[in-house]
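What follows is the content of run23.cif, which has mmCIF, C-alpha atoms:
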```cif
data_start
#
loop_
_atom_site.label_atom_id
_atom_site.label_comp_id
_atom_site.auth_asym_id
_atom_site.auth_seq_id
_atom_site.Cartn_x
_atom_site.Cartn_y
_atom_site.Cartn_z
CA MET K 537 -12.58 45.49 56.81
CA LYS K 538 -10.83 44.06 53.75
CA ARG K 539 -7.09 44.56 53.56
CA ALA K 540 -5.70 46.04 50.36
CA GLY K 541 -4.60 43.45 47.82
CA GLN K 542 -6.19 40.53 49.70
CA LYS K 543 -8.36 38.18 47.58
CA VAL K 544 -11.82 37.40 48.81
CA VAL K 545 -12.67 33.67 48.55
CA THR K 546 -16.33 33.06 47.77
CA GLY K 547 -18.59 30.03 48.25
CA THR K 548 -17.04 26.83 46.91
CA GLU K 549 -14.08 28.47 45.21
CA ALA K 550 -10.80 27.08 46.52
CA PRO K 551 -8.12 29.47 47.60
CA GLY K 552 -5.72 30.37 44.80
CA THR K 553 -8.10 29.31 42.02
CA SER K 554 -9.55 32.08 39.90
CA GLN K 555 -12.36 31.78 37.34
CA THR K 556 -9.83 32.48 34.60
CA CYS K 557 -7.69 29.64 35.81
CA LYS K 558 -10.71 27.36 35.89
CA LYS K 559 -11.32 28.00 32.23
CA GLN K 560 -7.74 27.08 31.46
CA LYS K 561 -7.81 23.82 33.43
CA THR K 562 -8.34 20.90 31.08
CA SER K 563 -7.55 17.25 30.54
CA LEU K 564 -4.95 16.81 27.79
CA HIS K 565 -4.64 13.05 27.68
CA GLY K 566 -2.07 11.85 25.16
CA LEU K 567 -0.02 15.05 25.51
CA GLY K 568 1.53 14.20 28.85
CA PHE K 569 -0.97 16.07 31.07
CA GLU K 570 -3.32 14.43 33.55
CA GLU K 571 -6.73 15.63 34.65
CA SER K 572 -5.49 15.90 38.22
CA ASP K 573 -2.71 18.34 37.27
CA PRO K 574 -2.92 21.79 38.84
CA CYS K 575 -4.05 24.72 36.77
CA ILE K 576 -2.32 24.51 33.39
CA SER K 577 -1.36 27.65 31.53
CA MET K 578 -2.27 27.23 27.84
CA ASP K 579 0.92 28.94 26.72
CA TRP K 580 1.68 27.00 23.52
CA GLY K 581 5.24 28.30 23.53
CA ASN K 582 5.92 26.51 26.84
CA LEU K 583 4.64 23.07 25.86
CA PRO K 584 7.13 20.28 26.61
CA HIS K 585 9.46 19.30 23.77
CA HIS K 586 7.97 15.81 23.43
CA VAL K 587 4.48 17.27 23.00
CA ILE K 588 5.55 19.72 20.28
CA LEU K 589 7.52 16.93 18.60
CA ARG K 590 4.40 14.75 18.53
CA VAL K 591 2.39 17.56 16.94
CA PHE K 592 5.08 18.21 14.33
CA GLN K 593 5.10 14.55 13.30
CA PHE K 594 1.59 14.94 11.91
CA LEU K 595 2.37 18.02 9.83
CA THR K 596 3.36 18.29 6.17
CA LEU K 597 6.58 20.01 5.25
CA VAL K 598 4.80 23.30 4.50
CA ASP K 599 2.93 23.27 7.81
CA ARG K 600 6.09 22.34 9.70
CA ALA K 601 7.83 25.32 8.18
CA ARG K 602 4.99 27.59 9.23
CA ALA K 603 4.88 26.13 12.74
CA SER K 604 8.65 26.52 13.16
CA SER K 605 8.17 30.29 12.85
CA VAL K 606 5.88 30.50 15.91
CA CYS K 607 8.70 30.90 18.42
CA ARG K 608 12.28 29.91 19.19
CA ARG K 609 11.19 26.80 21.12
CA TRP K 610 9.17 25.48 18.20
CA ASN K 611 12.05 26.19 15.85
CA GLU K 612 14.32 24.12 18.09
CA VAL K 613 11.91 21.19 17.87
CA PHE K 614 11.78 21.63 14.08
CA HIS K 615 15.45 20.62 13.98
CA ILE K 616 15.34 17.65 16.38
CA PRO K 617 16.85 14.68 14.44
CA ASP K 618 14.06 12.27 15.48
CA LEU K 619 11.55 14.44 13.66
CA TRP K 620 13.23 13.70 10.32
CA ARG K 621 13.86 9.98 10.75
CA ARG K 622 10.53 9.09 9.06
CA PHE K 623 9.09 11.67 6.70
CA GLU K 624 6.80 12.05 3.70
CA PHE K 625 7.54 14.94 1.37
CA GLU K 626 4.03 15.87 0.23
CA LEU K 627 4.59 17.96 -2.90
CA SER K 628 1.34 19.10 -4.44
CA GLN K 629 1.54 21.98 -6.89
CA PRO K 630 0.30 24.64 -4.39
CA ALA K 631 2.67 23.37 -1.70
CA THR K 632 5.62 23.34 -4.10
CA SER K 633 4.87 26.90 -5.26
CA TYR K 634 4.55 28.03 -1.63
CA LEU K 635 7.93 26.57 -0.72
CA LYS K 636 9.60 28.25 -3.67
CA SER K 637 8.16 31.68 -2.93
CA THR K 638 8.12 31.68 0.89
CA HIS K 639 10.90 29.31 1.98
CA PRO K 640 13.30 29.11 -0.98
CA ASP K 641 16.14 27.72 1.15
CA LEU K 642 14.07 25.45 3.37
CA ILE K 643 14.81 22.17 1.57
CA GLN K 644 18.54 22.90 1.41
CA GLN K 645 18.51 23.74 5.12
CA ILE K 646 16.75 20.50 6.04
CA ILE K 647 19.02 18.38 3.87
CA LYS K 648 22.16 20.06 5.13
CA ARG K 649 21.25 19.37 8.76
CA HIS K 650 19.24 16.14 8.52
CA ALA K 651 20.20 14.13 5.42
CA ASP K 652 21.95 11.55 7.59
CA HIS K 653 18.85 11.28 9.83
CA LEU K 654 16.40 10.51 7.01
CA GLN K 655 15.77 6.76 7.00
CA TYR K 656 12.14 6.16 5.96
CA VAL K 657 11.33 8.61 3.20
CA SER K 658 8.50 8.87 0.70
CA PHE K 659 7.59 11.46 -1.88
CA LYS K 660 3.88 11.95 -2.50
CA VAL K 661 3.20 14.07 -5.57
CA ASP K 662 0.13 15.10 -7.53
CA SER K 663 -0.24 14.92 -11.32
CA SER K 664 1.72 18.11 -12.01
CA THR K 665 5.18 17.97 -13.57
CA GLU K 666 6.28 20.73 -11.19
CA SER K 667 5.71 18.50 -8.17
CA ALA K 668 7.54 15.54 -9.71
CA GLU K 669 10.50 17.71 -10.68
CA ALA K 670 10.61 19.15 -7.16
CA ALA K 671 10.81 15.58 -5.81
CA CYS K 672 13.68 14.80 -8.19
CA ASP K 673 15.48 17.97 -7.10
CA ILE K 674 15.26 16.88 -3.47
CA LEU K 675 16.39 13.34 -4.30
CA SER K 676 19.46 14.66 -6.11
CA GLN K 677 20.55 16.52 -2.95
CA LEU K 678 20.50 13.47 -0.66
CA VAL K 679 24.23 12.91 -0.97
CA ASN K 680 24.86 12.20 2.72
CA CYS K 681 21.73 10.15 3.30
CA SER K 682 21.34 6.73 4.90
CA ILE K 683 17.86 5.91 3.63
CA LYS K 684 16.46 2.43 4.32
CA THR K 685 12.98 2.85 2.81
CA LEU K 686 12.17 4.91 -0.29
CA GLY K 687 8.75 5.43 -1.82
CA LEU K 688 7.78 7.48 -4.87
CA ILE K 689 4.00 7.80 -4.89
CA SER K 690 1.90 9.51 -7.57
CA THR K 691 -1.63 10.32 -6.45
CA ALA K 692 -2.61 10.82 -10.12
CA LYS K 693 -0.97 10.26 -13.49
CA PRO K 694 1.24 11.29 -15.27
CA SER K 695 3.44 12.96 -12.61
CA PHE K 696 6.91 11.28 -12.69
CA MET K 697 6.30 10.01 -16.22
CA ASN K 698 6.43 13.61 -17.44
CA VAL K 699 9.92 14.12 -16.02
CA SER K 700 12.73 13.42 -18.45
CA LYS K 701 14.20 9.93 -18.02
CA ALA K 702 17.71 11.34 -17.69
CA HIS K 703 16.69 13.76 -14.90
CA PHE K 704 14.81 11.07 -13.00
CA ALA K 705 17.56 8.46 -13.34
CA SER K 706 20.21 10.96 -12.27
CA ALA K 707 18.27 11.91 -9.13
CA LEU K 708 17.56 8.30 -8.20
CA THR K 709 21.19 7.30 -8.76
CA VAL K 710 22.27 9.74 -6.04
CA VAL K 711 20.15 7.85 -3.50
CA PHE K 712 21.10 4.41 -4.78
CA VAL K 713 24.83 5.19 -4.66
CA ASN K 714 24.95 7.01 -1.32
CA SER K 715 22.50 5.07 0.84
CA LYS K 716 24.10 1.59 0.56
CA SER K 717 21.51 0.19 3.01
CA LEU K 718 18.22 0.37 1.10
CA SER K 719 15.92 -2.44 2.18
CA SER K 720 12.52 -1.35 0.82
CA ILE K 721 11.71 0.49 -2.41
CA LYS K 722 8.35 1.33 -3.95
CA ILE K 723 8.63 3.05 -7.32
CA ASP K 724 5.42 2.95 -9.38
CA ASP K 725 4.56 4.84 -12.58
CA THR K 726 8.08 6.20 -13.10
CA PRO K 727 10.69 6.31 -15.89
CA LEU K 728 12.97 3.95 -13.94
CA ASP K 729 15.26 2.05 -16.34
CA ASP K 730 17.64 -0.93 -16.40
CA PRO K 731 20.86 1.08 -15.82
CA SER K 732 19.31 2.57 -12.66
CA LEU K 733 18.49 -0.93 -11.39
CA LYS K 734 22.09 -1.99 -12.01
CA VAL K 735 23.26 0.93 -9.84
CA LEU K 736 20.77 -0.11 -7.16
CA VAL K 737 22.05 -3.68 -7.19
CA ALA K 738 25.70 -2.66 -7.22
CA ASN K 739 25.29 -0.65 -4.01
CA ASN K 740 22.45 -2.32 -2.08
CA SER K 741 22.39 -6.00 -3.07
CA ASP K 742 23.04 -7.21 0.50
CA THR K 743 20.20 -5.19 2.08
CA LEU K 744 17.34 -5.05 -0.47
CA LYS K 745 14.35 -7.09 0.75
CA LEU K 746 11.32 -5.45 -0.87
CA LEU K 747 10.97 -4.05 -4.40
CA LYS K 748 7.63 -2.79 -5.73
CA MET K 749 7.93 -1.59 -9.29
CA SER K 750 4.69 -1.49 -11.28
CA SER K 751 4.12 0.49 -14.48
CA CYS K 752 7.76 1.24 -15.22
CA PRO K 753 7.84 0.85 -19.03
CA HIS K 754 11.59 1.43 -19.36
CA VAL K 755 12.45 -1.62 -17.25
CA SER K 756 12.98 -4.83 -19.23
CA PRO K 757 12.92 -8.47 -18.08
CA ALA K 758 16.74 -8.35 -18.17
CA GLY K 759 16.73 -5.48 -15.67
CA ILE K 760 14.60 -7.27 -13.09
CA LEU K 761 16.54 -10.49 -13.71
CA CYS K 762 19.68 -8.60 -12.70
CA VAL K 763 17.97 -7.74 -9.39
CA ALA K 764 16.91 -11.36 -8.84
CA ASP K 765 20.41 -12.66 -9.63
CA GLN K 766 22.18 -10.34 -7.19
CA CYS K 767 19.73 -9.51 -4.37
CA HIS K 768 19.59 -12.87 -2.62
CA GLY K 769 17.72 -11.50 0.41
CA LEU K 770 14.72 -10.34 -1.64
CA LYS K 771 11.49 -11.31 0.14
CA GLU K 772 8.81 -9.23 -1.61
CA LEU K 773 8.55 -8.34 -5.28
CA ALA K 774 5.83 -6.50 -7.22
CA LEU K 775 6.01 -6.02 -10.98
CA ASN K 776 4.04 -5.98 -14.22
CA TYR K 777 3.39 -9.26 -15.99
CA TYR K 778 5.38 -8.25 -19.07
CA ILE K 779 8.54 -8.38 -16.91
CA LEU K 780 7.73 -11.84 -15.53
CA SER K 781 9.59 -14.68 -17.23
CA ASP K 782 10.60 -18.30 -16.72
CA GLU K 783 14.19 -17.14 -16.24
CA LEU K 784 13.15 -14.75 -13.47
CA LEU K 785 11.21 -17.41 -11.54
CA LEU K 786 14.13 -19.83 -11.84
CA ALA K 787 16.55 -17.14 -10.62
CA LEU K 788 14.32 -16.53 -7.58
CA SER K 789 14.32 -20.31 -6.99
CA SER K 790 18.08 -20.72 -6.82
CA GLU K 791 19.78 -22.01 -3.68
CA LYS K 792 21.35 -18.61 -3.07
CA HIS K 793 17.96 -16.96 -2.49
CA VAL K 794 16.07 -16.76 0.78
CA ASP K 795 12.45 -17.85 0.60
CA LEU K 796 10.35 -15.35 -1.32
CA GLU K 797 7.31 -14.37 0.78
CA HIS K 798 5.23 -12.26 -1.58
CA LEU K 799 5.10 -11.95 -5.37
CA ARG K 800 2.57 -9.48 -6.79
CA ILE K 801 1.90 -9.43 -10.53
CA ASP K 802 -0.19 -6.75 -12.26
CA VAL K 803 -1.65 -7.93 -15.56
CA VAL K 804 -2.77 -4.77 -17.33
CA SER K 805 -3.89 -4.15 -20.90
CA GLU K 806 -2.84 -0.69 -22.03
CA ASN K 807 -3.79 -1.28 -25.69
CA PRO K 808 -6.83 -3.60 -25.89
CA GLY K 809 -6.42 -6.29 -28.51
CA GLN K 810 -2.83 -5.26 -29.35
CA VAL K 811 -0.96 -7.20 -26.66
CA GLN K 812 -0.18 -10.91 -26.91
CA PHE K 813 0.44 -12.11 -23.37
CA HIS K 814 3.12 -14.78 -22.99
CA THR K 815 2.70 -17.98 -20.99
CA ILE K 816 4.80 -18.98 -17.99
CA LYS K 817 5.71 -22.68 -17.91
CA LYS K 818 4.39 -24.90 -15.16
CA GLN K 819 7.94 -26.09 -14.39
CA SER K 820 8.98 -22.52 -13.56
CA TRP K 821 6.07 -22.02 -11.16
CA ASP K 822 6.80 -25.41 -9.58
CA ALA K 823 10.45 -24.48 -9.02
CA LEU K 824 9.45 -21.27 -7.22
CA VAL K 825 6.98 -23.01 -4.92
CA LYS K 826 9.40 -25.84 -4.18
CA HIS K 827 12.02 -23.28 -3.13
CA SER K 828 9.53 -20.98 -1.31
CA PRO K 829 6.60 -23.20 -0.28
CA LYS K 830 4.82 -20.45 1.68
CA VAL K 831 5.05 -17.75 -1.00
CA ASN K 832 1.92 -15.69 -1.68
CA ILE K 833 1.46 -15.18 -5.43
CA VAL K 834 -0.99 -12.34 -6.03
CA MET K 835 -2.32 -11.49 -9.49
CA TYR K 836 -4.37 -8.39 -10.38
CA PHE K 837 -6.09 -8.59 -13.77
CA PHE K 838 -7.28 -5.57 -15.73
CA LEU K 839 -7.92 -7.25 -19.09
CA TYR K 840 -10.72 -7.64 -21.59
CA GLU K 841 -12.34 -11.04 -22.05
CA ASP K 842 -10.51 -11.92 -25.26
CA GLU K 843 -7.09 -11.32 -23.62
CA PHE K 844 -7.18 -14.10 -20.99
CA ASP K 845 -6.11 -16.88 -23.30
CA ALA K 846 -2.57 -17.25 -21.88
CA PHE K 847 -3.63 -17.70 -18.25
CA PHE K 848 -4.52 -20.70 -16.05
CA ARG K 849 -4.51 -23.31 -18.80
CA GLU K 850 -2.14 -25.34 -16.63
CA GLU K 851 -1.84 -25.65 -12.87
CA THR K 852 -0.71 -22.30 -11.45
CA PRO K 853 0.25 -21.80 -7.78
CA VAL K 854 -1.48 -18.42 -7.48
CA THR K 855 -2.92 -17.68 -4.01
CA HIS K 856 -4.81 -14.41 -4.53
CA VAL K 857 -6.64 -13.42 -7.74
CA TYR K 858 -8.42 -10.12 -8.38
CA PHE K 859 -10.37 -9.47 -11.57
CA GLY K 860 -10.90 -5.73 -11.99
CA ARG K 861 -12.99 -6.12 -15.14
CA ALA K 862 -15.59 -8.60 -16.39
CA VAL K 863 -14.39 -12.17 -16.72
CA SER K 864 -16.01 -15.11 -18.51
CA LYS K 865 -17.48 -18.30 -17.03
CA ALA K 866 -14.82 -20.26 -18.90
CA MET K 867 -12.03 -18.31 -17.20
CA LEU K 868 -13.54 -18.90 -13.75
CA GLY K 869 -13.82 -22.57 -14.67
CA ARG K 870 -10.06 -22.63 -15.29
CA ILE K 871 -9.51 -21.06 -11.86
CA GLY K 872 -11.39 -23.94 -10.25
CA MET K 873 -9.47 -26.53 -12.26
CA ASN K 874 -5.93 -25.18 -12.06
CA CYS K 875 -5.45 -23.06 -8.91
CA PRO K 876 -5.28 -25.51 -5.97
CA ARG K 877 -3.40 -23.00 -3.73
CA LEU K 878 -6.08 -20.29 -4.11
CA ILE K 879 -6.78 -18.39 -0.86
CA GLU K 880 -8.72 -15.35 -2.08
CA LEU K 881 -10.78 -14.63 -5.19
CA VAL K 882 -12.43 -11.33 -6.08
CA VAL K 883 -14.50 -10.98 -9.25
CA CYS K 884 -15.64 -7.50 -10.22
CA ALA K 885 -18.17 -8.58 -12.87
CA ASN K 886 -19.39 -11.39 -15.08
CA GLY K 887 -22.03 -11.82 -17.79
CA LEU K 888 -25.68 -12.61 -17.14
CA GLN K 889 -25.21 -16.37 -16.77
CA PRO K 890 -25.28 -17.74 -13.18
CA LEU K 891 -21.93 -18.94 -11.87
CA ASP K 892 -23.24 -21.83 -9.78
CA ASP K 893 -21.16 -24.58 -11.41
CA GLU K 894 -17.96 -22.52 -11.37
CA LEU K 895 -18.33 -21.65 -7.66
CA ILE K 896 -19.01 -25.26 -6.71
CA GLN K 897 -15.95 -26.42 -8.66
CA ILE K 898 -13.82 -23.78 -6.90
CA ALA K 899 -15.15 -24.96 -3.53
CA GLU K 900 -14.32 -28.58 -4.42
CA ARG K 901 -10.80 -28.05 -5.66
CA CYS K 902 -9.52 -24.95 -3.84
CA LYS K 903 -9.24 -26.34 -0.33
CA ASN K 904 -7.37 -23.28 1.00
CA LEU K 905 -10.00 -20.73 -0.08
CA THR K 906 -10.85 -18.39 2.82
CA ALA K 907 -12.06 -15.21 1.08
CA MET K 908 -14.49 -14.63 -1.78
CA GLY K 909 -15.88 -11.40 -3.20
CA LEU K 910 -18.39 -11.24 -6.05
CA GLY K 911 -19.51 -7.99 -7.66
CA GLU K 912 -21.90 -7.98 -10.60
CA CYS K 913 -21.97 -11.77 -10.83
CA GLU K 914 -25.29 -13.56 -10.83
CA VAL K 915 -25.65 -16.68 -8.67
CA THR K 916 -28.77 -18.62 -7.70
CA CYS K 917 -29.56 -18.81 -4.00
CA ARG K 918 -29.35 -22.62 -4.16
CA GLY K 919 -25.94 -22.52 -5.89
CA PHE K 920 -24.58 -19.94 -3.46
CA ILE K 921 -25.68 -21.94 -0.42
CA GLU K 922 -24.13 -25.10 -1.88
CA PHE K 923 -20.84 -23.23 -2.38
CA VAL K 924 -20.87 -21.97 1.22
CA LYS K 925 -21.80 -25.42 2.55
CA MET K 926 -18.80 -26.97 0.79
CA CYS K 927 -16.38 -24.30 2.03
CA GLY K 928 -17.78 -24.33 5.54
CA GLY K 929 -16.43 -22.14 8.32
CA ARG K 930 -13.06 -21.57 6.64
CA LEU K 931 -14.57 -18.62 4.71
CA THR K 932 -13.46 -15.70 6.88
CA GLN K 933 -14.56 -13.15 4.25
CA LEU K 934 -17.61 -13.53 2.03
CA SER K 935 -19.08 -10.66 0.05
CA ILE K 936 -21.84 -10.61 -2.56
CA MET K 937 -24.45 -8.01 -3.43
CA GLU K 938 -28.04 -8.88 -2.65
CA GLU K 939 -29.26 -7.72 -6.06
CA VAL K 940 -27.26 -10.37 -7.97
CA LEU K 941 -28.62 -13.32 -5.97
CA ILE K 942 -31.42 -15.12 -7.84
CA PRO K 943 -34.18 -16.51 -5.57
CA ASP K 944 -35.51 -19.97 -6.45
CA SER K 945 -38.28 -22.31 -5.31
CA ASP K 946 -36.24 -23.56 -2.33
CA TYR K 947 -34.58 -20.42 -1.05
CA SER K 948 -35.75 -16.84 -0.71
CA LEU K 949 -33.40 -14.00 0.15
CA ASP K 950 -34.77 -14.00 3.69
CA ARG K 951 -33.95 -17.66 4.17
CA LEU K 952 -30.62 -17.32 2.39
CA HIS K 953 -28.90 -15.34 5.12
CA LEU K 954 -30.03 -17.84 7.77
CA GLU K 955 -28.67 -20.82 5.81
CA VAL K 956 -25.40 -19.12 4.99
CA SER K 957 -24.98 -17.95 8.60
CA LYS K 958 -25.50 -21.53 9.79
CA HIS K 959 -22.76 -22.93 7.55
CA LEU K 960 -20.31 -20.09 8.26
CA GLY K 961 -20.85 -20.34 12.01
CA ARG K 962 -21.52 -16.61 12.33
CA MET K 963 -24.16 -14.06 11.39
CA TRP K 964 -23.97 -13.11 7.72
CA PHE K 965 -25.97 -10.85 5.38
CA PRO K 966 -25.50 -10.05 1.68
CA ASP K 967 -24.12 -6.60 0.91
CA MET K 968 -26.30 -3.71 -0.13
CA MET K 969 -23.42 -2.17 -2.08
CA PRO K 970 -19.98 -3.38 -3.27
CA THR K 971 -17.33 -3.63 -0.54
CA TRP K 972 -14.44 -5.01 -2.64
#
```
Represent the supplied structure as structure tokens.
Amino acid sequence: MKRAGQKVVTGTEAPGTSQTCKKQKTSLHGLGFEESDPCISMDWGNLPHHVILRVFQFLTLVDRARASSVCRRWNEVFHIPDLWRRFEFELSQPATSYLKSTHPDLIQQIIKRHADHLQYVSFKVDSSTESAEAACDILSQLVNCSIKTLGLISTAKPSFMNVSKAHFASALTVVFVNSKSLSSIKIDDTPLDDPSLKVLVANNSDTLKLLKMSSCPHVSPAGILCVADQCHGLKELALNYYILSDELLLALSSEKHVDLEHLRIDVVSENPGQVQFHTIKKQSWDALVKHSPKVNIVMYFFLYEDEFDAFFREETPVTHVYFGRAVSKAMLGRIGMNCPRLIELVVCANGLQPLDDELIQIAERCKNLTAMGLGECEVTCRGFIEFVKMCGGRLTQLSIMEEVLIPDSDYSLDRLHLEVSKHLGRMWFPDMMPTW
């Protein structure tokens, strides 16, 4: 006779283990639980702090705010300082509108409690002016911050460029003045100006190591020269070509400066045929490389064919070159003649004339070349194999579309991949679609 309240154990079921409990038992690797743990109650409110913290780290500001309302425990985690040490404010128009209507005091609350915890901060905004202005409003409240890394990222234009220059500069000045330990800044497509850079330098000259600043039309060569003159620890710099000058390269080559590691230059034509690009003297390039012999000089070109006249007529110590638009055979010939430090070359397109001679010249003269990418650029199979043979196994990356390779009497496409693979020392096939 069964006693009242006593559980009957059936078959293979272990004592104390119900079917309901079996359903709840699970392996939660990565969240601190092991498969051998006893029956785990899936009560999300009782998850360990470190697990909730890990979940919160993957959430946007809006989702964090929603999650913090689940229970008191989750709200406690929402205010753990470590959660706000590295954060991206993702401010799309819907998210910004949601914050204003649902959590009007949320930003002020976070800043009041965690401004001094924010160290690695980026603002990711869409093309709307509302999102950019919301980012500026947050920046202007970071009075007690100690930010080391700042990024302003526009996923689409115009974004920050639609904000008034005075409003943007005022907001940025708050961070520049109060942080005093900024080491890395990425500010692209913004109304940043020379006076703002002077404030940056005045307060962070000893700590600034990386400055990426493309498409900032209000910055002049004098503004970036001020940065180069004062920030002697600068290791990485990205800017538009119109800011580049002989004076800037010489300033970066002075004895006061540490070795520059990376210089990125964007050469962009906003008004086709209306821009006369200046030439940088060979002596200035030579001074930079003498001072920083291991520097990577990266150039991105978005020009039309008749705008390349100022480039590579003399020896240039560029290491990485990317052509985003069609480029002539003559220009590629100059690359082979005058870029002995070249490591990587990517060509988006060329005319209908095979580039055999230009590739062979590049292989002969560019002894450091390890990566090549060719888009709509016709090459004969014989010429391509000769290029690979001359470069040998040092080509760690090699990309070309099958459709632009021209078979000849000696080499078919089927034989091509075998020959190229032999000279590279690994299996290789042409691409079926662009990968660069």
Spatial neighbours of Leu733 in chain K, max dist 9 Å, only C-alpha atoms, sep filter under 2 positions, as a ChimeraX atom specification: /K:712,728-731,735-738,755,759-760,762-763
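Using only C-alpha atoms, the smallest distance between any of K:Leu954, K:Ala707, K:Ser715, K:Ser820 and Asn740 in chain K comes from K:Ser715.
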Among the residues K:Val882, K:Leu796, K:Cys927, K:Ile616, the one that comes closest to Ile833 in chain K [using all atoms listed in the file]: K:Leu796
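Computed from the coordinates, the CA of Ser957 in chain K to CA of Arg877 in chain K distance equals 25.4 Å.
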Spatial neighbours of Val710 in chain K, max dist 10 Å, only C-alpha atoms, sep filter under 3 positions, as a list of chain:residue names: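 Near neighbours after the sequence-gap exclusion: K:Leu675, K:Ser676, K:Gln677, K:Leu678, K:Val679, K:Asn680, K:Cys681, K:Ala705, K:Ser706, K:Ala707, K:Val713, K:Asn714, K:Ser715, K:Val735.
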Hits of the PyMOL selection byres ((chain K and resi 727) around 10) in this structure, as number ranges by chain: K: 696-705, 723-726, 728-729, 732, 751-755
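Rounded to one decimal, CA of Phe844 in chain K and CA of Leu878 in chain K lie 18.0 Å from each other.
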Distance in Å - CA of Asp765 in chain K versus CA of Asp782 in chain K: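 CA of Asp782 in chain K lies at a distance of 13.4 Å from CA of Asp765 in chain K.
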Residues within 12 Å of Asp950 in chain K, only C-alpha atoms, excluding chain neighbours under 2 positions, as JSON, numbers by chain: {"K": [917, 938, 941, 943, 944, 946, 947, 948, 952, 953, 954, 955, 956, 957, 964, 965, 966]}
Picked residues, the PyMOL selection byres ((chain K and resi 745) around 12), as a VMD selection string: chain K and resid 684 to 685 717 to 722 737 740 to 744 746 to 748 763 to 764 766 to 774 793 to 798
Expansion of the PyMOL selection byres ((chain K and resi 620) around 7) into residues, as a count of residues only: 9
For Pro584 in chain K, the nearest of the candidates K:Leu934, K:Ile898, K:Val613, K:Met749, counting all atoms listed in the file: K:Val613
Selection near Lys865 in chain K, 8 Å with only C-alpha atoms, sequence-local residues under 5 positions removed, as an NGL selection string: :K and (886-887 or 889 or 891 or 894)
Protein, DNA and RNA residues within 7 Å of (-18.7, -8.4, -9.0), all atoms listed in the file, as number ranges by chain: K: 883-886, 910-913
Cut-off 6 Å around (10.7, -22.7, -10.2) with all atoms listed in the file: residues as a list of chain:residue names: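 The answer, in the requested form, is K:Leu785, K:Leu786, K:Ser789, K:Ser820, K:Trp821, K:Asp822, K:Ala823, K:Leu824.
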Set up a box along x, y and z of the file covering all listed atoms of range 849-862 of chain K, add 6 Å on every one of the six sides, and write the centre and edge lengths in Å to one decimal, as AutoDock Vina command-line options.
```
--center_x -7.7 --center_y -15.7 --center_z -11.4 --size_x 27.8 --size_y 31.9 --size_z 26.8
```
